[in-house]
>>> print(open('coords_8.txt').read())   # compact mmCIF, C-alpha atoms
# COMPACT_ATOMS: atom_id res chain seq x y z
CA MET A 1 69.16 91.91 95.86
CA GLN A 2 68.07 88.96 93.72
CA ALA A 3 68.97 88.97 90.02
CA ALA A 4 65.35 88.22 89.10
CA ASN A 5 64.28 91.51 90.71
CA LEU A 6 66.76 93.70 88.82
CA PRO A 7 65.77 96.13 86.08
CA ALA A 8 67.44 95.42 82.72
CA ASP A 9 70.21 98.03 83.14
CA MET A 10 71.00 96.75 86.62
CA GLU A 11 71.03 93.17 85.34
CA LEU A 12 73.64 94.25 82.78
CA THR A 13 75.67 95.85 85.55
CA ARG A 14 75.44 92.70 87.69
CA ARG A 15 76.51 90.51 84.78
CA GLN A 16 79.44 92.78 83.81
CA TYR A 17 80.46 93.10 87.46
CA ASP A 18 80.46 89.33 87.90
CA GLU A 19 82.55 88.85 84.74
CA VAL A 20 85.20 91.31 85.94
CA LEU A 21 85.14 89.86 89.45
CA ASN A 22 85.66 86.35 88.04
CA GLN A 23 88.73 87.60 86.15
CA CYS A 24 90.07 89.10 89.39
CA ARG A 25 89.32 85.88 91.30
CA ASN A 26 91.18 83.81 88.68
CA ILE A 27 94.25 86.03 89.10
CA PHE A 28 93.96 85.74 92.89
CA ILE A 29 93.80 81.93 92.63
CA SER A 30 96.78 81.83 90.25
CA LYS A 31 98.85 84.13 92.46
CA ASN A 32 98.04 81.97 95.48
CA ALA A 33 99.19 78.92 93.51
CA ASP A 34 102.48 80.71 92.74
CA TYR A 35 103.13 82.41 96.09
CA GLY A 36 100.85 80.69 98.57
CA THR A 37 99.34 82.98 101.15
CA SER A 38 102.53 84.97 101.68
CA TRP A 39 100.36 88.11 101.66
CA ARG A 40 99.12 87.03 105.11
CA LEU A 41 102.37 88.53 106.45
CA PHE A 42 101.21 92.03 105.47
CA ARG A 43 99.96 94.31 108.20
CA PRO A 44 96.77 96.14 107.16
CA GLU A 45 98.71 99.39 106.70
CA SER A 46 101.03 97.68 104.20
CA ILE A 47 98.06 96.44 102.18
CA THR A 48 96.71 99.99 102.08
CA ASP A 49 100.08 101.15 100.75
CA GLN A 50 100.05 98.43 98.07
CA ILE A 51 96.68 99.71 96.87
CA TYR A 52 98.02 103.27 97.00
CA ILE A 53 101.02 102.34 94.81
CA LYS A 54 98.72 100.84 92.17
CA ALA A 55 96.27 103.75 92.22
CA GLN A 56 99.07 106.31 92.03
CA ARG A 57 100.61 104.51 89.04
CA ILE A 58 97.24 104.63 87.28
CA ARG A 59 96.94 108.35 88.03
CA ASN A 60 100.46 109.04 86.78
CA ILE A 61 99.73 107.22 83.51
CA GLU A 62 96.37 108.99 83.12
CA SER A 63 97.96 112.39 83.79
CA SER A 64 101.13 112.02 81.75
CA GLY A 65 100.00 109.64 79.02
CA HIS A 66 103.38 107.94 79.52
CA ASN A 67 103.63 104.27 80.45
CA ALA A 68 107.28 103.22 80.77
CA VAL A 69 106.51 99.70 82.05
CA GLY A 70 104.09 98.99 79.22
CA GLU A 71 101.54 97.11 81.32
CA ASP A 72 98.09 98.59 80.90
CA ILE A 73 96.10 100.03 83.77
CA ARG A 74 93.56 97.20 83.67
CA GLY A 75 96.01 94.99 85.55
CA GLU A 76 96.48 97.69 88.17
CA PHE A 77 92.72 98.05 88.71
CA MET A 78 92.47 94.26 89.04
CA GLY A 79 95.28 94.37 91.58
CA ILE A 80 93.37 97.03 93.49
CA VAL A 81 90.31 94.76 93.61
CA ASN A 82 92.36 91.82 94.87
CA TYR A 83 94.39 93.78 97.41
CA SER A 84 91.18 95.34 98.76
CA LEU A 85 89.64 91.89 99.17
CA ILE A 86 92.88 90.73 100.82
CA ALA A 87 92.55 93.69 103.20
CA LEU A 88 89.00 92.66 104.11
CA ILE A 89 90.17 89.08 104.73
CA GLN A 90 93.06 90.30 106.89
CA LEU A 91 90.77 92.57 108.91
CA GLN A 92 88.35 89.70 109.54
CA LEU A 93 91.08 87.26 110.57
CA LEU A 94 92.71 89.84 112.84
CA ALA A 95 89.35 90.68 114.45
CA GLU A 96 88.75 86.97 115.04
CA ASN A 97 92.33 86.61 116.33
CA ARG A 98 92.99 83.62 114.15
CA ASP A 99 95.53 82.66 111.54
CA THR A 100 95.02 80.51 108.48
CA THR A 101 96.91 79.80 105.31
CA ASP A 102 94.45 77.17 104.06
CA ASN A 103 93.78 78.05 100.41
CA GLU A 104 90.22 76.72 100.43
CA GLU A 105 89.32 78.71 103.53
CA ILE A 106 90.99 81.83 102.10
CA LEU A 107 89.08 81.44 98.83
CA GLY A 108 85.85 81.04 100.82
CA LEU A 109 86.60 84.30 102.64
CA TYR A 110 87.48 85.99 99.33
CA ASN A 111 84.16 84.86 97.84
CA ALA A 112 82.17 85.94 100.90
CA HIS A 113 83.68 89.44 100.92
CA ALA A 114 83.31 89.73 97.14
CA GLN A 115 79.63 88.76 97.38
CA ALA A 116 78.96 91.21 100.23
CA THR A 117 80.69 93.98 98.25
CA ARG A 118 78.70 93.19 95.11
CA ASP A 119 75.46 93.21 97.10
CA LEU A 120 76.41 96.61 98.53
CA MET A 121 77.05 97.88 94.99
CA LEU A 122 73.65 96.69 93.81
CA MET A 123 71.90 98.49 96.68
CA LYS A 124 73.84 101.72 96.11
CA ASN A 125 73.43 101.48 92.36
CA THR A 126 69.66 101.33 92.85
CA ASP A 127 69.83 104.67 94.67
CA TYR A 128 72.28 106.29 92.26
CA GLY A 129 70.68 104.96 89.08
CA GLU A 130 73.71 103.82 87.05
CA VAL A 131 75.31 107.28 87.19
CA TRP A 132 78.75 105.64 87.30
CA ARG A 133 78.38 104.82 83.60
CA GLU A 134 78.62 108.54 82.85
CA MET A 135 81.79 109.05 84.88
CA ARG A 136 85.33 109.23 83.57
CA VAL A 137 87.72 106.41 84.48
CA SER A 138 90.06 109.07 85.88
CA SER A 139 87.34 110.03 88.38
CA PHE A 140 87.30 106.45 89.69
CA THR A 141 91.06 106.71 90.14
CA ASP A 142 90.63 109.91 92.15
CA LEU A 143 87.83 108.38 94.24
CA ILE A 144 90.07 105.39 95.02
CA LEU A 145 92.90 107.72 96.07
CA VAL A 146 90.52 109.66 98.34
CA LYS A 147 89.32 106.43 99.95
CA ILE A 148 92.95 105.37 100.48
CA ALA A 149 93.70 108.71 102.16
CA ARG A 150 90.70 108.18 104.44
CA ILE A 151 91.80 104.64 105.30
CA LYS A 152 95.32 105.88 106.09
CA GLN A 153 93.88 108.52 108.42
CA ILE A 154 91.71 105.96 110.19
CA GLU A 155 94.71 103.64 110.49
CA ASP A 156 96.75 106.49 111.94
CA ASN A 157 93.91 107.01 114.44
CA PHE A 158 94.18 103.32 115.46
CA GLY A 159 90.87 102.51 113.77
CA ARG A 160 88.85 105.09 115.67
CA THR A 161 86.31 107.26 113.88
CA GLU A 162 83.86 109.81 115.25
CA VAL A 163 81.09 109.71 112.65
CA SER A 164 82.61 108.11 109.57
CA GLU A 165 82.36 104.59 108.28
CA GLY A 166 85.32 102.37 109.07
CA VAL A 167 88.06 100.98 106.88
CA ALA A 168 86.09 97.93 105.70
CA ALA A 169 83.41 100.10 104.06
CA ASN A 170 86.13 102.17 102.38
CA TYR A 171 87.77 99.01 100.98
CA GLN A 172 84.38 97.92 99.65
CA ASP A 173 83.95 101.27 97.91
CA ILE A 174 87.44 100.94 96.41
CA ILE A 175 86.55 97.49 95.04
CA ASN A 176 83.38 98.83 93.47
CA TYR A 177 85.11 101.87 91.94
CA ALA A 178 87.87 99.67 90.50
CA ILE A 179 85.34 97.26 89.00
CA PHE A 180 83.35 100.15 87.53
CA ALA A 181 86.58 101.44 85.97
CA LEU A 182 87.31 98.00 84.53
CA ILE A 183 83.81 97.74 83.06
CA ARG A 184 84.23 101.22 81.51
CA LEU A 185 87.66 100.28 80.10
CA ILE A 186 86.26 97.12 78.49
CA GLY A 187 83.10 98.69 77.15
>>> encode(input="coords_8.txt", output="structure tokens")
Amino acid sequence: MQAANLPADMELTRRQYDEVLNQCRNIFISKNADYGTSWRLFRPESITDQIYIKAQRIRNIESSGHNAVGEDIRGEFMGIVNYSLIALIQLQLLAENRDTTDNEEILGLYNAHAQATRDLMLMKNTDYGEVWREMRVSSFTDLILVKIARIKQIEDNFGRTEVSEGVAANYQDIINYAIFALIRLIG
């Protein structure tokens, strides 16, 4: 969906989405500078568990109001975005049966999956009419946890589904929910 064709409220969403995604991308780039592509050693199931850990921490803080570590939940939502994009990259590279640790290629894959996920959000947001703006941040947390549970079940079924979308679509939904939560937390 082209930006020129967006209604004003959708243009605001696209702009806010891009701002949050750029913040996530900058963290991804910085982490890759610090650690390289060590995350390439993760199996897909381990990436799912990393996302689960972050989402569960957010839920615990939301439920208890207690934050012993002191880091706010924004960082956790950003981590969820980046780990979900990492998962999409891993799935693609595994499907293509190839291995790369080239930072430029990895960033290109990150950008391609981020763009495809944003485009999906814009299409869905057209159908749903910005309803996410009326949702509680805690509902996004719950939706992310549900998507993680679905991914874990699909992983346990060796990737087979009968009628449901696969893991990639669930990761894309997780990215979009996390970015919506970040926009709500900022705004």
>>> residues_around(input="coords_8.txt", residues="segment 86-93 of chain A", least_positions_apart="4", cutoff="8 Å", atoms="all atoms listed in the file", output="list in words")
Trp39, Arg40, Pro44, Ile47, Thr48, Asn82, Asn97, Arg98, Asp99, Ile106, Leu109, Tyr110, His113, Ala168 and Tyr171 of chain A
>>> closest_atom_pairs(input="coords_8.txt", of="segment 64-105 of chain A", to="segment 21-33 of chain A", cutoff="9 Å", atoms="all atoms listed in the file", output="Markdown table")
| residue | atom | partner | partner_atom | distance |
| --- | --- | --- | --- | --- |
| A:Met78 | CA | A:Cys24 | CA | 5.7 |
| A:Gly79 | CA | A:Cys24 | CA | 7.7 |
| A:Val81 | CA | A:Cys24 | CA | 7.1 |
| A:Asn82 | CA | A:Cys24 | CA | 6.5 |
| A:Asn103 | CA | A:Asn32 | CA | 7.6 |
>>> closest_residue(input="coords_8.txt", among="A:Ile174, A:Val163, A:Met121, A:Ile186", to="Ile80 of chain A", atoms="only C-alpha atoms")
A:Ile174
>>> closest_residue(input="coords_8.txt", among="A:Glu19, A:Leu85, A:Thr100, A:Asp119", to="Gly36 of chain A", atoms="only C-alpha atoms")
A:Thr100
>>> axis_aligned_box(input="coords_8.txt", around="segment 157-170 of chain A", padding_each_side="5 Å", output="AutoDock Vina command-line options")
--center_x 87.6 --center_y 103.9 --center_z 109.0 --size_x 23.1 --size_y 21.9 --size_z 23.3
>>> atom_distance(input="coords_8.txt", atom1="atom CA of Ile175 of chain A", atom2="atom CA of His66 of chain A")
25.2 Å
>>> residues_near_point(input="coords_8.txt", point="(98.8, 103.4, 100.3)", cutoff="12 Å", atoms="only C-alpha atoms", output="JSON, numbers by chain")
{"A": [44, 45, 46, 47, 48, 49, 50, 51, 52, 53, 54, 55, 56, 57, 80, 83, 84, 87, 144, 145, 146, 147, 148, 149, 150, 151, 152, 153, 155, 171]}
